[in-house]
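The next block is entry_10.cif, given as mmCIF, C-alpha atoms.
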data_upload
loop_
_atom_site.label_atom_id
_atom_site.label_comp_id
_atom_site.auth_asym_id
_atom_site.auth_seq_id
_atom_site.Cartn_x
_atom_site.Cartn_y
_atom_site.Cartn_z
CA MET S 1 118.78 233.32 42.99
CA LYS S 2 118.85 229.91 44.62
CA GLY S 3 115.21 229.41 43.62
CA GLU S 4 116.07 230.27 40.01
CA LEU S 5 118.84 227.68 40.04
CA GLU S 6 116.55 225.06 41.56
CA GLY S 7 114.07 225.81 38.79
CA LEU S 8 116.75 225.38 36.11
CA LEU S 9 117.72 222.04 37.59
CA GLY S 10 114.14 220.92 38.22
CA GLU S 11 113.67 219.43 34.75
CA SER S 12 113.48 215.64 34.76
CA PRO S 13 116.32 213.79 33.03
CA GLY S 14 113.84 212.26 30.58
CA GLN S 15 112.35 215.63 29.66
CA CYS S 16 115.81 217.07 29.26
CA ARG S 17 117.01 214.30 26.96
CA ALA S 18 113.92 214.69 24.80
CA ARG S 19 114.54 218.44 24.60
CA GLU S 20 118.19 217.89 23.64
CA SER S 21 117.40 215.52 20.81
CA GLY S 22 114.70 217.77 19.38
CA ALA S 23 116.33 221.15 20.05
CA PHE S 24 117.46 221.88 16.53
CA ALA S 25 114.19 220.82 14.94
CA THR S 26 112.35 223.06 17.41
CA ILE S 27 114.13 226.26 16.37
CA ALA S 28 114.90 225.53 12.70
CA ASP S 29 112.76 224.12 9.93
CA VAL S 30 114.42 220.78 9.18
CA ASN S 31 113.12 220.95 5.62
CA ARG S 32 115.10 224.10 4.88
CA PRO S 33 118.63 223.78 3.42
CA LEU S 34 121.53 224.57 5.72
CA VAL S 35 124.36 227.09 5.36
CA LEU S 36 127.23 226.70 7.83
CA PHE S 37 128.67 230.08 8.82
CA GLY S 38 132.30 229.18 9.54
CA ALA S 39 134.39 226.64 7.61
CA GLY S 40 137.01 226.03 10.29
CA GLY S 41 137.37 223.06 12.63
CA LEU S 42 133.90 223.31 14.15
CA GLY S 43 132.22 223.78 10.76
CA ARG S 44 133.94 220.69 9.39
CA LYS S 45 133.06 218.72 12.51
CA VAL S 46 129.39 219.63 12.11
CA LEU S 47 129.53 218.82 8.38
CA GLN S 48 130.72 215.27 9.08
CA ALA S 49 127.86 214.70 11.53
CA LEU S 50 125.29 216.08 9.12
CA ARG S 51 126.55 213.88 6.31
CA GLY S 52 126.34 210.89 8.62
CA ALA S 53 122.65 211.71 9.00
CA GLY S 54 122.21 212.11 5.25
CA ILE S 55 122.08 215.93 5.32
CA GLU S 56 124.21 217.92 2.87
CA PRO S 57 124.59 221.68 3.53
CA VAL S 58 124.30 223.84 0.44
CA ALA S 59 127.26 226.10 1.33
CA PHE S 60 129.77 227.35 3.81
CA ALA S 61 129.89 231.09 4.50
CA ASP S 62 133.35 232.27 5.47
CA ASN S 63 135.18 235.47 4.53
CA ARG S 64 138.61 233.97 5.01
CA LEU S 65 138.05 230.89 2.83
CA ALA S 66 135.62 232.34 0.29
CA GLY S 67 136.12 230.97 -3.20
CA GLN S 68 137.57 227.69 -2.02
CA MET S 69 136.11 224.20 -1.66
CA VAL S 70 136.09 222.73 1.85
CA GLU S 71 135.27 219.02 2.12
CA GLY S 72 133.54 219.27 -1.25
CA ILE S 73 131.35 222.22 -0.22
CA GLY S 74 131.72 225.62 -1.87
CA VAL S 75 132.63 228.52 0.39
CA ARG S 76 130.98 231.88 -0.23
CA THR S 77 131.38 235.20 1.53
CA PRO S 78 128.58 235.79 4.05
CA ALA S 79 127.17 238.48 1.75
CA GLU S 80 127.14 236.10 -1.21
CA ALA S 81 125.56 233.32 0.83
CA ALA S 82 122.94 235.71 2.17
CA GLU S 83 122.14 237.00 -1.31
CA ARG S 84 121.44 233.49 -2.53
CA TYR S 85 120.00 231.72 0.52
CA ARG S 86 118.73 234.30 3.01
CA HIS S 87 115.04 233.51 2.37
CA SER S 88 115.34 229.77 1.91
CA ALA S 89 118.07 228.43 4.25
CA THR S 90 118.80 228.10 7.93
CA PHE S 91 122.16 229.67 8.73
CA VAL S 92 124.01 227.84 11.52
CA VAL S 93 126.84 229.78 13.17
CA THR S 94 129.74 227.30 13.44
CA ILE S 95 132.33 229.71 14.79
CA TRP S 96 133.26 229.33 18.46
CA ALA S 97 136.60 230.63 19.65
CA SER S 98 137.91 233.11 22.20
CA TRP S 99 139.25 235.35 19.42
CA ALA S 100 135.96 235.51 17.51
CA ASP S 101 133.06 237.94 17.86
CA THR S 102 130.40 237.02 20.40
CA MET S 103 127.67 234.69 19.23
CA GLN S 104 125.12 237.53 19.34
CA GLN S 105 127.37 239.67 17.13
CA GLN S 106 127.77 236.87 14.60
CA ILE S 107 124.04 236.15 14.52
CA GLU S 108 123.27 239.85 14.16
CA SER S 109 125.77 240.22 11.29
CA LEU S 110 123.82 237.61 9.32
CA ARG S 111 120.47 239.13 10.19
CA ARG S 112 121.67 242.50 8.92
CA LEU S 113 122.29 240.74 5.61
CA GLY S 114 118.65 239.71 5.55
CA CYS S 115 119.01 236.09 6.73
CA ARG S 116 115.68 235.11 8.25
CA CYS S 117 116.62 231.98 10.19
CA VAL S 118 119.94 232.14 12.09
CA VAL S 119 120.86 229.85 15.00
CA SER S 120 123.96 228.95 16.96
CA PHE S 121 125.61 225.57 16.57
CA ILE S 122 124.67 224.44 20.09
CA PRO S 123 121.19 222.94 19.49
CA LEU S 124 122.55 221.17 16.43
CA LEU S 125 125.36 219.59 18.48
CA TRP S 126 122.81 218.48 21.07
CA SER S 127 121.18 216.49 18.27
CA PHE S 128 124.53 214.81 17.57
CA PRO S 129 125.82 213.93 21.08
CA GLU S 130 128.67 211.87 19.61
CA LEU S 131 130.31 215.25 18.81
CA LEU S 132 130.30 216.26 22.47
CA PRO S 133 131.88 217.56 24.52
CA HIS S 134 133.07 220.37 22.27
CA VAL S 135 135.22 222.39 24.65
CA GLN S 136 132.71 223.65 27.25
CA VAL S 137 129.62 222.77 25.19
CA ASP S 138 127.98 219.57 26.38
CA LEU S 139 124.55 218.06 26.95
CA PRO S 140 122.27 219.79 29.49
CA SER S 141 121.31 216.39 30.89
CA ARG S 142 124.90 215.99 32.09
CA VAL S 143 124.42 219.08 34.26
CA LEU S 144 121.34 217.47 35.79
CA GLU S 145 123.37 214.35 36.54
CA ARG S 146 125.56 216.57 38.77
CA ARG S 147 122.71 218.52 40.34
CA ASP S 148 123.87 218.00 43.94
CA GLU S 149 127.39 219.24 43.11
CA VAL S 150 125.99 222.28 41.29
CA MET S 151 123.76 223.20 44.24
CA GLN S 152 126.62 222.69 46.71
CA CYS S 153 128.84 224.97 44.66
CA PHE S 154 126.17 227.69 44.50
CA GLY S 155 126.33 228.01 48.28
CA MET S 156 130.10 228.57 48.21
CA TRP S 157 130.24 231.84 46.24
CA ALA S 158 131.25 234.81 48.37
CA ASP S 159 129.18 237.58 46.75
CA ASP S 160 126.06 238.22 44.70
CA ASP S 161 128.11 239.01 41.57
CA SER S 162 129.52 235.49 41.70
CA ARG S 163 126.13 233.93 42.35
CA ARG S 164 124.61 235.83 39.41
CA GLU S 165 127.49 234.77 37.17
CA PHE S 166 127.19 231.13 38.24
CA LEU S 167 123.45 231.20 37.57
CA ALA S 168 124.07 232.64 34.09
CA GLN S 169 126.71 229.99 33.41
CA ILE S 170 124.33 227.17 34.37
CA ARG S 171 121.48 228.69 32.34
CA TRP S 172 123.77 228.82 29.30
CA ARG S 173 124.75 225.18 29.82
CA MET S 174 121.10 224.15 30.14
CA TRP S 175 119.59 226.22 27.32
CA GLY S 176 122.41 227.53 25.11
CA ASP S 177 121.11 231.02 25.86
CA PHE S 178 123.81 233.54 24.98
CA ALA S 179 121.59 236.49 25.86
CA CYS S 180 121.68 235.50 29.54
CA LEU S 181 125.45 235.91 29.82
CA ASN S 182 126.95 238.85 31.69
CA PRO S 183 129.28 241.32 29.94
CA PRO S 184 132.98 240.51 30.36
CA LEU S 185 135.11 242.34 32.89
CA PRO S 186 138.55 243.76 32.09
CA ASN S 187 141.78 242.87 33.88
CA GLN S 188 141.55 239.09 33.84
CA TYR S 189 143.39 237.71 36.91
CA TRP S 190 143.97 241.22 38.27
CA GLN S 191 140.70 241.96 40.06
CA ALA S 192 141.66 244.53 42.68
CA ASP S 193 138.43 244.02 44.65
CA VAL S 194 139.23 240.32 45.01
CA LEU S 195 143.01 239.89 44.87
CA GLN S 196 145.45 241.58 47.23
CA LEU S 197 149.08 240.46 47.28
CA PRO S 198 151.88 241.09 49.76
CA ARG S 199 154.78 243.26 48.68
CA GLU S 200 157.16 240.29 48.45
CA ALA S 201 154.79 237.98 46.60
CA VAL S 202 155.81 234.66 45.07
CA PHE S 203 153.84 234.19 41.85
CA VAL S 204 153.35 230.99 39.86
CA ASP S 205 152.06 231.16 36.28
CA ALA S 206 150.84 227.72 35.17
CA GLY S 207 150.20 227.91 31.45
CA ALA S 208 152.21 231.06 30.88
CA PHE S 209 151.67 231.20 27.08
CA ASP S 210 153.80 234.05 25.68
CA GLY S 211 154.27 235.82 29.01
CA ASP S 212 151.22 238.09 28.75
CA THR S 213 149.97 237.21 32.24
CA LEU S 214 153.49 237.44 33.62
CA GLU S 215 153.77 240.94 32.22
CA GLY S 216 150.39 241.77 33.76
CA PHE S 217 151.66 240.58 37.14
CA VAL S 218 154.70 242.86 36.90
CA ARG S 219 152.40 245.80 36.15
CA TYR S 220 149.91 244.88 38.88
CA THR S 221 152.66 244.76 41.51
CA ASN S 222 154.63 247.70 40.06
CA GLY S 223 157.58 245.32 40.00
CA GLN S 224 157.38 244.84 43.77
CA PHE S 225 157.49 241.05 44.05
CA ARG S 226 159.96 238.49 45.30
CA VAL S 227 160.02 235.92 42.52
CA ALA S 228 157.89 234.58 39.65
CA TYR S 229 157.88 231.02 38.29
CA ALA S 230 156.43 230.53 34.79
CA PHE S 231 155.58 227.13 33.26
CA GLU S 232 154.90 226.79 29.52
CA PRO S 233 155.43 223.53 27.58
CA ASP S 234 154.95 224.78 24.02
CA PRO S 235 158.38 225.59 22.49
CA GLN S 236 157.04 228.38 20.28
CA ASN S 237 155.21 230.01 23.16
CA MET S 238 158.30 229.69 25.34
CA LEU S 239 160.39 231.52 22.74
CA ALA S 240 157.90 234.38 22.81
CA LEU S 241 157.82 234.35 26.62
CA ARG S 242 161.59 234.55 26.92
CA GLY S 243 161.66 237.34 24.37
CA ARG S 244 159.11 239.29 26.42
CA VAL S 245 161.13 238.77 29.60
CA ARG S 246 164.31 239.95 27.86
CA GLY S 247 162.55 243.24 27.20
CA MET S 248 161.98 243.84 30.91
CA PRO S 249 164.43 245.74 33.13
CA GLU S 250 167.33 243.58 34.28
CA GLU S 251 166.36 243.94 37.93
CA ILE S 252 162.94 242.41 37.18
CA ARG S 253 163.94 239.67 34.73
CA GLY S 254 166.48 238.39 37.26
CA ARG S 255 163.55 237.40 39.50
CA ILE S 256 161.67 235.50 36.79
CA HIS S 257 162.30 231.78 36.26
CA ALA S 258 160.77 230.16 33.17
CA PHE S 259 160.43 226.39 32.67
CA GLU S 260 159.51 224.61 29.45
CA GLN S 261 157.23 222.20 31.28
CA ALA S 262 153.52 221.49 31.65
CA VAL S 263 151.76 221.56 35.00
CA ALA S 264 149.83 218.42 35.88
CA GLY S 265 149.18 216.07 38.78
CA GLN S 266 152.57 214.38 38.85
CA GLN S 267 155.94 214.22 37.15
CA ALA S 268 155.64 212.45 33.80
CA GLN S 269 156.23 212.61 30.05
CA ILE S 270 152.93 213.20 28.27
CA SER S 271 151.89 213.61 24.64
CA PHE S 272 151.28 217.25 23.70
CA GLN S 273 149.57 219.20 20.91
CA SER S 274 151.88 222.12 20.20
CA GLY S 275 151.84 225.01 17.76
CA SER S 276 148.33 226.23 18.60
CA GLY S 277 149.33 229.33 20.51
CA ALA S 278 147.23 229.82 23.61
CA SER S 279 145.31 226.60 22.81
CA SER S 280 148.29 224.21 22.87
CA CYS S 281 147.39 221.45 25.32
CA LEU S 282 148.07 218.02 26.73
CA GLY S 283 146.62 215.28 24.55
CA PRO S 284 147.45 213.13 21.51
CA GLY S 285 149.99 215.17 19.58
CA GLU S 286 153.27 215.21 17.71
CA MET S 287 155.57 215.67 20.69
CA SER S 288 156.14 214.63 24.28
CA VAL S 289 156.58 217.15 27.07
CA SER S 290 157.74 217.03 30.66
CA CYS S 291 155.00 217.51 33.24
CA VAL S 292 155.53 218.54 36.85
CA ALA S 293 153.43 218.86 39.96
CA LEU S 294 153.77 222.31 41.51
CA ASP S 295 154.14 220.68 44.93
CA ASP S 296 157.46 219.32 43.67
CA ALA S 297 158.51 222.14 41.35
CA ILE S 298 158.09 225.22 43.58
CA PRO S 299 160.80 225.51 46.24
CA GLU S 300 159.04 228.06 48.47
CA PRO S 301 155.49 228.86 49.60
CA PRO S 302 153.60 230.64 46.79
CA HIS S 303 151.29 233.60 47.41
CA PHE S 304 149.40 233.50 44.11
CA ILE S 305 148.97 230.80 41.46
CA LYS S 306 147.23 231.24 38.12
CA TYR S 307 146.12 228.17 36.14
CA ASP S 308 145.19 228.36 32.46
CA ILE S 309 146.22 224.92 31.25
CA GLU S 310 143.61 224.15 28.59
CA GLY S 311 141.38 221.68 30.40
CA SER S 312 144.01 220.21 32.75
CA GLU S 313 143.15 222.57 35.62
CA LEU S 314 141.88 219.82 37.93
CA LEU S 315 145.09 217.86 37.37
CA GLY S 316 147.15 220.97 38.07
CA LEU S 317 145.24 221.63 41.29
CA ARG S 318 145.72 218.05 42.44
CA GLY S 319 149.45 218.50 41.88
CA THR S 320 149.35 221.57 44.15
CA ARG S 321 147.38 219.99 46.97
CA GLN S 322 150.21 220.24 49.48
CA TRP S 323 150.87 223.96 48.89
CA ILE S 324 147.14 224.72 48.94
CA SER S 325 146.77 222.85 52.22
CA THR S 326 149.78 224.41 53.94
CA ALA S 327 150.50 227.81 52.40
CA GLN S 328 146.95 228.66 51.26
CA PRO S 329 147.95 230.81 48.26
CA ALA S 330 145.40 232.86 46.37
CA LEU S 331 144.33 231.02 43.21
CA ALA S 332 142.97 232.15 39.85
CA VAL S 333 141.76 229.10 37.93
CA CYS S 334 140.26 229.12 34.45
CA ALA S 335 136.90 227.37 34.82
CA TYR S 336 135.62 227.27 31.24
CA HIS S 337 137.53 224.59 29.35
CA LEU S 338 135.02 221.85 30.24
CA GLN S 339 131.34 222.11 31.11
CA GLU S 340 131.74 220.84 34.67
CA HIS S 341 134.79 222.88 35.67
CA VAL S 342 132.70 225.87 36.73
CA TRP S 343 131.50 223.87 39.75
CA GLN S 344 134.24 221.24 40.06
CA VAL S 345 137.11 223.74 40.45
CA PRO S 346 135.85 225.36 43.67
CA LEU S 347 134.66 222.03 45.06
CA LEU S 348 138.11 220.50 44.55
CA ILE S 349 139.92 223.43 46.18
CA HIS S 350 137.50 223.29 49.11
CA SER S 351 138.32 219.61 49.59
CA PHE S 352 141.98 220.56 50.05
CA HIS S 353 141.38 223.44 52.46
CA PRO S 354 138.07 224.85 53.76
CA GLY S 355 139.49 228.32 54.42
CA TYR S 356 138.86 229.99 51.05
CA ARG S 357 136.37 232.51 49.72
CA TYR S 358 135.30 231.98 46.09
CA TYR S 359 134.52 234.50 43.36
CA LEU S 360 133.45 233.89 39.77
CA ARG S 361 134.14 236.54 37.15
CA PRO S 362 133.56 236.57 33.34
CA HIS S 363 136.36 237.93 31.17
CA GLY S 364 134.94 236.80 27.83
CA GLN S 365 131.80 235.14 26.46
CA ILE S 366 132.15 231.85 28.40
CA TRP S 367 135.81 231.89 27.34
CA GLU S 368 138.12 233.28 30.05
CA THR S 369 135.74 232.68 32.96
CA VAL S 370 137.89 232.59 36.11
CA CYS S 371 137.29 231.17 39.57
CA TYR S 372 139.20 233.17 42.17
CA ALA S 373 139.92 231.41 45.48
CA VAL S 374 141.14 233.80 48.14
CA PRO S 375 142.20 232.79 51.66
CA ARG S 376 139.91 234.11 54.37
#

How does the structure come out when it is put into structure tokens?
Amino acid sequence: MKGELEGLLGESPGQCRARESGAFATIADVNRPLVLFGAGGLGRKVLQALRGAGIEPVAFADNRLAGQMVEGIGVRTPAEAAERYRHSATFVVTIWASWADTMQQQIESLRRLGCRCVVSFIPLLWSFPELLPHVQVDLPSRVLERRDEVMQCFGMWADDDSRREFLAQIRWRMWGDFACLNPPLPNQYWQADVLQLPREAVFVDAGAFDGDTLEGFVRYTNGQFRVAYAFEPDPQNMLALRGRVRGMPEEIRGRIHAFEQAVAGQQAQISFQSGSGASSCLGPGEMSVSCVALDDAIPEPPHFIKYDIEGSELLGLRGTRQWISTAQPALAVCAYHLQEHVWQVPLLIHSFHPGYRYYLRPHGQIWETVCYAVPR
């Protein structure tokens, strides 16, 4: 597997940049009209870039918005768009979200309608690098710029499953190849072959959303834990979390402490984008939230910490450096929000304490990829 990774990273930066800029033209006839399959945020983002290059798509295809006009473009159902354009247009799938069907499923749905040329949005975004990064999608050449870090990380995975998953993740980043990805595993965060907790575990949920992971922890431990600390800055999510906790037995909810705060590298007030459910995140937004470092916020040594903080995972880890160095808790860190997190997360943890074993498991199509760091 190491040889395969070396081959993936053996492309010269110049060759890679030339491939990026010509990727869309290579797989789609640039003289064909374009239909954007998905009129949400990504579809509109792609539309703006195309218009900047003097390209006007002929339609959006979107079941939810069919019959409307979006940014001056008519929206048809996929069936209607296929009926009119399946022989003449390139259909670009501009839907990319954890709740959506996989990219292969979306491409296949259009092909079943008779669409001859269907591609994902990734090669198109490579042709418009000013749109990147788009969540975890970024330029392949930026992976090559971090080749030494990627190779170092490959040597840190504890088992072949993790090495195969890491190789698939890098291949996807380099080539946008969805077919190379491994099928998702169930029980995100609760991998019994990786994670084993003591009976009196102290659990920290950083990015607790509506309490779904907290509820999973209670099930996983059969309620046999000492205390759980949950951090969630979004007010709407916190309401849902507290409602979920109220539905638990009194003996359990008395050991759960919920804080309407974000987890970051230090104590601060930071702008926040709220109201997006699981995707609410730190960044330019309509409100300010209190951020804490777990080193300061947790009063006792934790046994297990989960981080799903929408791209702020490295900040959250830096704010837990002391506990990682001294208590060596097991860690489950989402490693998919940015392209480089899949190798930077384990490297950062290793810099705090060398006594961890690392596992990489997919729990979605790129979305929900988790790095598990378990003390030796």

I would like the residues chosen by the PyMOL selection byres ((chain S and resi 184) around 6) on the shown file; could you give them as a ChimeraX atom specification? /S:183,185,362-364

Between S:Gly265, S:Gly216, S:Pro198, S:Pro235, which residue has the minimum interatomic distance to His303 in chain S, considering all atoms listed in the file? S:Pro198

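For the residues S:Met248, S:Ile55, S:Val93, S:Val202, ranking by smallest atom-to-atom distance to Glu300 in chain S using only C-alpha atoms places S:Val202 first.
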
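If you apply the PyMOL selection byres ((chain S and resi 168) around 10) to this structure, you end up with Leu5, Ser162, Arg163, Arg164, Glu165, Phe166, Leu167, Gln169, Ile170, Arg171, Trp172, Arg173, Met174, Asp177, Phe178, Ala179, Cys180, Leu181, Asn182 and Ile366 of chain S.
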
For C-alpha atoms, I'd like the residues from the last selection saved as an mmCIF file, in the frame of the given file.
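To be explicit, this is the file written out as selection07.cif:
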data_model
loop_
_atom_site.group_PDB
_atom_site.id
_atom_site.type_symbol
_atom_site.label_atom_id
_atom_site.label_comp_id
_atom_site.auth_asym_id
_atom_site.auth_seq_id
_atom_site.Cartn_x
_atom_site.Cartn_y
_atom_site.Cartn_z
ATOM 1 C CA LEU S 5 118.840 227.680 40.040
ATOM 2 C CA SER S 162 129.520 235.490 41.700
ATOM 3 C CA ARG S 163 126.130 233.930 42.350
ATOM 4 C CA ARG S 164 124.610 235.830 39.410
ATOM 5 C CA GLU S 165 127.490 234.770 37.170
ATOM 6 C CA PHE S 166 127.190 231.130 38.240
ATOM 7 C CA LEU S 167 123.450 231.200 37.570
ATOM 8 C CA GLN S 169 126.710 229.990 33.410
ATOM 9 C CA ILE S 170 124.330 227.170 34.370
ATOM 10 C CA ARG S 171 121.480 228.690 32.340
ATOM 11 C CA TRP S 172 123.770 228.820 29.300
ATOM 12 C CA ARG S 173 124.750 225.180 29.820
ATOM 13 C CA MET S 174 121.100 224.150 30.140
ATOM 14 C CA ASP S 177 121.110 231.020 25.860
ATOM 15 C CA PHE S 178 123.810 233.540 24.980
ATOM 16 C CA ALA S 179 121.590 236.490 25.860
ATOM 17 C CA CYS S 180 121.680 235.500 29.540
ATOM 18 C CA LEU S 181 125.450 235.910 29.820
ATOM 19 C CA ASN S 182 126.950 238.850 31.690
ATOM 20 C CA ILE S 366 132.150 231.850 28.400
#

Using all atoms listed in the file, which residues sit within 12 Å of Phe121 in chain S once same-chain residues fewer than 2 positions away are excluded, as number ranges by chain? S: 23-24, 27-28, 34-38, 42-43, 45-47, 90-96, 103, 106-107, 118-119, 123-128, 131-132, 134, 137-138, 176-178

Got a sec: who's within 8 Å of range 317-333 of chain S, counting only C-alpha atoms, leaving out chain neighbours fewer than 4 positions off, as number ranges by chain? S: 189, 195, 263-266, 292-295, 301-308, 313, 345, 348-349, 352-353, 370-375

Give the answer as one residue: which of S:Gly10, S:Gly40, S:Ile252, S:Arg146 has the shortest atom-to-atom distance to Ala66 in chain S, using all atoms listed in the file?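 For Ala66 in chain S, the nearest of the candidates is S:Gly40.
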
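Each of S:Gly207, S:Gly67, S:Gly223, S:Gly3 was compared to Ala258 in chain S using all atoms listed in the file, and S:Gly207 turns out to be the nearest.
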
Output the residue selection produced by the PyMOL selection byres ((chain S and resi 73) around 8) on the file above, formatted as a PyMOL selection string. chain S and resi 57-60+69-72+74-75

File of the preceding selection, C-alpha atoms, as a short mmCIF file (atom, residue, chain, number, x, y, z; two decimals), in the coordinates of the input:
data_model
loop_
_atom_site.label_atom_id
_atom_site.label_comp_id
_atom_site.auth_asym_id
_atom_site.auth_seq_id
_atom_site.Cartn_x
_atom_site.Cartn_y
_atom_site.Cartn_z
CA PRO S 57 124.59 221.68 3.53
CA VAL S 58 124.30 223.84 0.44
CA ALA S 59 127.26 226.10 1.33
CA PHE S 60 129.77 227.35 3.81
CA MET S 69 136.11 224.20 -1.66
CA VAL S 70 136.09 222.73 1.85
CA GLU S 71 135.27 219.02 2.12
CA GLY S 72 133.54 219.27 -1.25
CA GLY S 74 131.72 225.62 -1.87
CA VAL S 75 132.63 228.52 0.39
#

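The nearest approach to Arg142 in chain S among the residues S:Ser12, S:Gln188, S:Gln261, S:Thr369, with only C-alpha atoms taken into account, belongs to S:Ser12.
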
Using all atoms listed in the file, pick whichever of S:Leu239, S:Arg86, S:Met151, S:Val218 has the shortest atom-to-atom distance to Gly7 in chain S.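 Closest to Gly7 in chain S of all the choices is S:Met151.
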
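Put simply, CA of Lys2 in chain S is 11.0 Å away from CA of Val150 in chain S.
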